[in-house]
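Below is one structure, written out as C-alpha cells, with a few remarks after it.
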Amino acid sequence: MKKLRWRLFLHFSLQFISVAALMVIVIFLTLFIVIGIYAKDVSSFNYYQAKLEMISVNTGASFTKFKMNEDWDREFEKEKIWVQILDHEGNVIESGNVPDELPKKYTYQTLENMKETKQLQDYSLAFYLETFYETPYLFILGYHDEEFLFLKQLVEDFGTRGTIVEKDLPKVEALLTNQNGALKVYGSDKVVRQTIGRANNLEEKALDVFVRDAAPDIFSTKKTTYVDTDNGFVWELYTPDENKEVLKLDAYIDLAKGFIITGAIILFITIVISIWNGFRYGNPLFVFANWLGRMGNENYSEVLTERERKKIYRKNGKIRLKFKLYQEVFEAFHDMAGKLDASRKEREQLEKTRTEWMTGISHDLRTPLTTMQGYGNLLESGQYDWTIEEIEEIGKTIREKSDYMLHLIEDFSLSFQLKHGGNQIQMETVEINQLLDGMVEKYKRDITFKDYILSFVPIQSHHFLYVNKRLFERLLDNLIYNALKHNPPGTKISVILVEDYKRKEIQIVVKDNGVGMDESTIEHLFDRYYRGTNTEEHVEGTGLGMSIAMQIAKLHGGEMAVASTKNIGTEITVNLPAKGAEVKSISV
C-alpha cells in the first residue's frame, strides 16, 4: 500500500501542478491586460513618449544584442518619426527611419543639450532609458513638430524686435487663424508683453506647468514654446492637439491573441484529461462496487467475474496499464476476501465449538444432579439403615456437587455481566501494594496450600488504581489459584508488581516454576469455549476462569499476556495503562 500511496500522491500532485500552471497563465494574462490598459491610458497622456516605450518593449532583443523589428521602418515612415538606440558610450547600435544628416555617435554635451531643449536640428525628441540590462540603453524618438517649426519661423520673420509690431499683426493673426491657434509673448522678466488670438484658449491653472510636461496630450490644446536667445523673450503657441488619439496597441493585441489561443488549447486539454480521468477512476470504482456487493452477500469465492477478470488482467496474468494505479487495492481486496472467508469458517467453527461447549456444560450440570438425585432417592426409599458415617459421606458429596453447580452458575452470571453490563460496574480507589499483599497472605495462611512457596514483590512507592475491588480480587484470585491447583506441591509462586515508566503502565506478574503449558493450551487459554469438562477429573473447574480474568482486565483498560514453557514454568502479566485506569503515585 505504500507504493500506492506514493503513486496516488504523485498522480494527483501532477494534476494539481497542471491546474496551478494554468492559473499562473491566467494571472499573467490578466497582468498583461492590465499593463495594456495602463499603456493605453498613458498613450492618451503623452503620445510620443508612450509610442517610444511601446517600441522599447517590442524591440527584438537577447540579453546582449538589440535588433530592431523589420517592420518598424515602414511604420516609422508612415508616422514620420525616427528612432535611435544608444549604448552607454553614446554609440548608435540600432535605428529605424533615421535621416542621413543625424549623427551616429553622441557626446555627453550634445545629449545634455538635447535633454534640456528636447530638440535636435529641426526635430522634437522623446527619450526612454532602458535599465533592465547590465548596461543602460537610451531610446530616442524624433519627429517633426510642425507647430514648433511654425513658431520658430514666426519668430524669425516677425520677432526681431522682441514683439510683433503693429503693422505685422494682421499677417500674424491670419497665420494663427490658419493654424486655429493663439500666441503669447513673455519678456525676459516673465511678464506677458503680447497676446494674439482667442484669450479663452490661453487660460491655464498654476500646476499645468508640471502637468503639461508629464502628460501633454490630456489637454485639448498643444503648447509649443520657443526661446529667443537674442533677447530672452519666450514665445508660446497654443494649437489644437491632434495627438489625443489613442495609441494602437498592435503588439499587445497580438500577444493577447496568442494567450487566448493558448488558453483555448489548455481548456481543451483540461476537458480531455477530465473525461479521461472520469473513465480512469470510474471503471475501477464500478468494479469495486460490484466486488463489495458480492462480499456483502458473503460470496467471497467470486472476487472477480470472468468478464471483470478479462477487463483487468492480461492473458499472462499481469494487470492492465489503465488499472495499474490500483494494483495494491486489487491485491488488498483479494487478501480481504480470503480473510473474510477464513473468518466465516472460523465463525462456523466457533458456533460448532459453542454447541459442543453447551453440551459439555449440560453434562457438567447433569453429572452432579444425577449423583444428588441418586442419593436423594436412596434416602427417600427407606430401604436401608444408614450409619452416621454413611449419612455424613452422602451429605458431603451432595454439598460438594451443590457447590460446584453454584460456582458454575455464578461464573455464567459474571461472564454475562462483564460482557453486557460492564459500564454499570462501580469503581473505587485502592492501593495496589496493600491489596496484593493481603491476597498473597490469604493463600499463605490457607493450610491447603502449605506445601507451596508464595511470595509478593511490591513496588517502591504507593500506587492507587481506580478499580472495582470485588472484580479485581476475582481476577487475581483466578491467576493465583490456577497457579496453585495446576502445579505440584513445592512449586514457587511469585506475585510481582512492576512500574513501567516508559510505557506508563503498571504490571502485575504471576510467575511460577511449575509444569508449564503446551502451545495449544496457551493459544486457547482465554477462550470461553475451550475446556475439557469432566467433573470426575482431579482438577475441577467451570472452564470460564481465565476468560473472566481477561474480561475483568479489559474492563479496567488493561491487557493480559501469557508466556509458558513446558516443565519450566508459566508467567502471566496483567498490563494496566495509565490511560485505562486512574493512577495516582505518591513517593515513599
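Identifiers in the C-alpha cells: chain A, B, ... in order shown; residue index from 1 per chain; ligand index from 1 in order shown.
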- Task: Name the residues of segment 282-378 of chain A that come out as helix (DSSP H, G or I) in a backbone DSSP run; write them as JSON, numbers by chain.
- Result: {"A": [282, 283, 284, 285, 286, 287, 288, 289, 290, 291, 292, 293, 294, 295, 296, 306, 307, 308, 309, 310, 311, 312, 321, 322, 323, 324, 325, 326, 327, 328, 329, 330, 331, 332, 333, 334, 335, 336, 337, 338, 339, 340, 341, 342, 343, 344, 345, 346, 347, 348, 349, 350, 351, 352, 353, 354, 355, 356, 357, 358, 359, 360, 361, 362, 363, 364, 365, 366, 367, 368, 369, 370, 371, 372, 373, 374, 375, 376, 377, 378]}
Take the residues just selected and output them with C-alpha atoms as a tab-separated table (two decimals), in the first residue's frame.
```
chain	number	residue	atom	x	y	z
A	282	GLY	CA	-14.85	5.45	-12.66
A	283	ASN	CA	-14.23	1.98	-14.10
A	284	PRO	CA	-12.20	0.69	-11.11
A	285	LEU	CA	-14.75	2.13	-8.68
A	286	PHE	CA	-17.53	0.32	-10.56
A	287	VAL	CA	-15.57	-2.93	-10.22
A	288	PHE	CA	-15.01	-2.25	-6.51
A	289	ALA	CA	-18.73	-1.57	-6.01
A	290	ASN	CA	-19.66	-4.90	-7.63
A	291	TRP	CA	-16.98	-6.57	-5.59
A	292	LEU	CA	-18.27	-5.15	-2.30
A	293	GLY	CA	-21.81	-6.15	-3.24
A	294	ARG	CA	-20.75	-9.76	-3.70
A	295	MET	CA	-18.83	-9.74	-0.44
A	296	GLY	CA	-21.88	-8.23	1.29
A	306	GLU	CA	-14.89	-13.68	-15.65
A	307	ARG	CA	-15.75	-10.52	-17.58
A	308	GLU	CA	-14.13	-8.29	-14.95
A	309	ARG	CA	-11.06	-10.50	-14.84
A	310	LYS	CA	-10.56	-10.18	-18.62
A	311	LYS	CA	-11.08	-6.44	-18.32
A	312	ILE	CA	-8.46	-6.01	-15.58
A	321	LEU	CA	-1.99	-0.39	-17.59
A	322	LYS	CA	-5.22	1.56	-17.01
A	323	PHE	CA	-5.78	-0.40	-13.77
A	324	LYS	CA	-2.10	-0.36	-12.72
A	325	LEU	CA	-2.68	2.58	-10.37
A	326	TYR	CA	-4.92	0.38	-8.20
A	327	GLN	CA	-2.76	-2.74	-8.23
A	328	GLU	CA	-2.31	-2.76	-4.45
A	329	VAL	CA	-6.04	-2.17	-3.99
A	330	PHE	CA	-6.89	-5.24	-6.06
A	331	GLU	CA	-4.35	-7.25	-4.09
A	332	ALA	CA	-5.84	-5.95	-0.84
A	333	PHE	CA	-9.33	-6.95	-1.99
A	334	HIS	CA	-8.12	-10.47	-2.76
A	335	ASP	CA	-6.46	-10.62	0.65
A	336	MET	CA	-9.58	-9.25	2.38
A	337	ALA	CA	-11.81	-11.78	0.59
A	338	GLY	CA	-9.54	-14.57	1.78
A	339	LYS	CA	-9.60	-13.29	5.35
A	340	LEU	CA	-13.37	-12.86	5.34
A	341	ASP	CA	-13.76	-16.38	4.02
A	342	ALA	CA	-11.44	-17.64	6.75
A	343	SER	CA	-13.38	-15.58	9.30
A	344	ARG	CA	-16.64	-17.16	8.16
A	345	LYS	CA	-15.16	-20.62	8.52
A	346	GLU	CA	-13.80	-19.67	11.95
A	347	ARG	CA	-17.21	-18.36	12.95
A	348	GLU	CA	-18.80	-21.60	11.86
A	349	GLN	CA	-16.17	-23.48	13.85
A	350	LEU	CA	-16.85	-21.28	16.89
A	351	GLU	CA	-20.54	-21.97	16.57
A	352	LYS	CA	-19.79	-25.67	16.44
A	353	THR	CA	-17.48	-25.33	19.46
A	354	ARG	CA	-20.12	-23.37	21.35
A	355	THR	CA	-22.63	-26.13	20.70
A	356	GLU	CA	-20.13	-28.68	21.93
A	357	TRP	CA	-19.37	-26.47	24.95
A	358	MET	CA	-23.06	-26.20	25.81
A	359	THR	CA	-23.28	-29.95	25.50
A	360	GLY	CA	-20.35	-30.21	27.89
A	361	ILE	CA	-21.93	-27.73	30.29
A	362	SER	CA	-25.13	-29.74	30.21
A	363	HIS	CA	-23.01	-32.77	31.06
A	364	ASP	CA	-21.36	-30.81	33.87
A	365	LEU	CA	-24.75	-29.99	35.34
A	366	ARG	CA	-26.26	-33.40	34.68
A	367	THR	CA	-23.42	-35.32	36.38
A	368	PRO	CA	-23.74	-33.71	39.85
A	369	LEU	CA	-27.52	-33.62	39.55
A	370	THR	CA	-27.59	-37.33	38.77
A	371	THR	CA	-25.45	-38.04	41.81
A	372	MET	CA	-27.62	-35.87	44.06
A	373	GLN	CA	-30.80	-37.37	42.62
A	374	GLY	CA	-29.49	-40.88	43.24
A	375	TYR	CA	-28.61	-40.19	46.87
A	376	GLY	CA	-31.96	-38.46	47.35
A	377	ASN	CA	-33.88	-41.49	46.01
A	378	LEU	CA	-31.94	-43.81	48.28
```
- segment 114-129 of chain A surroundings by only C-alpha atoms, 10 Å radius, close-in-sequence under 5 positions cut, as a PyMOL selection string: chain A and resi 46-53+55-56+81-86+101-102+108-109+136-146+148-149+152+226-227
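Between atom CA of Glu499 of chain A and atom CA of Gly545 of chain A lies a distance of 26.1 Å.
Take atom CA of Leu479 of chain A and atom CA of Ile398 of chain A: the distance between them is 28.0 Å.
Interatomic distance, atom CA of Leu379 of chain A to atom CA of Lys401 of chain A: 16.8 Å.
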- Using only C-alpha atoms, determine which residues lie at most 8 Å from Asp518 of chain A, disregarding the query and same-chain residues fewer than 2 positions distant; provide the list as a PyMOL selection string. chain A and resi 516+520-522+564-566
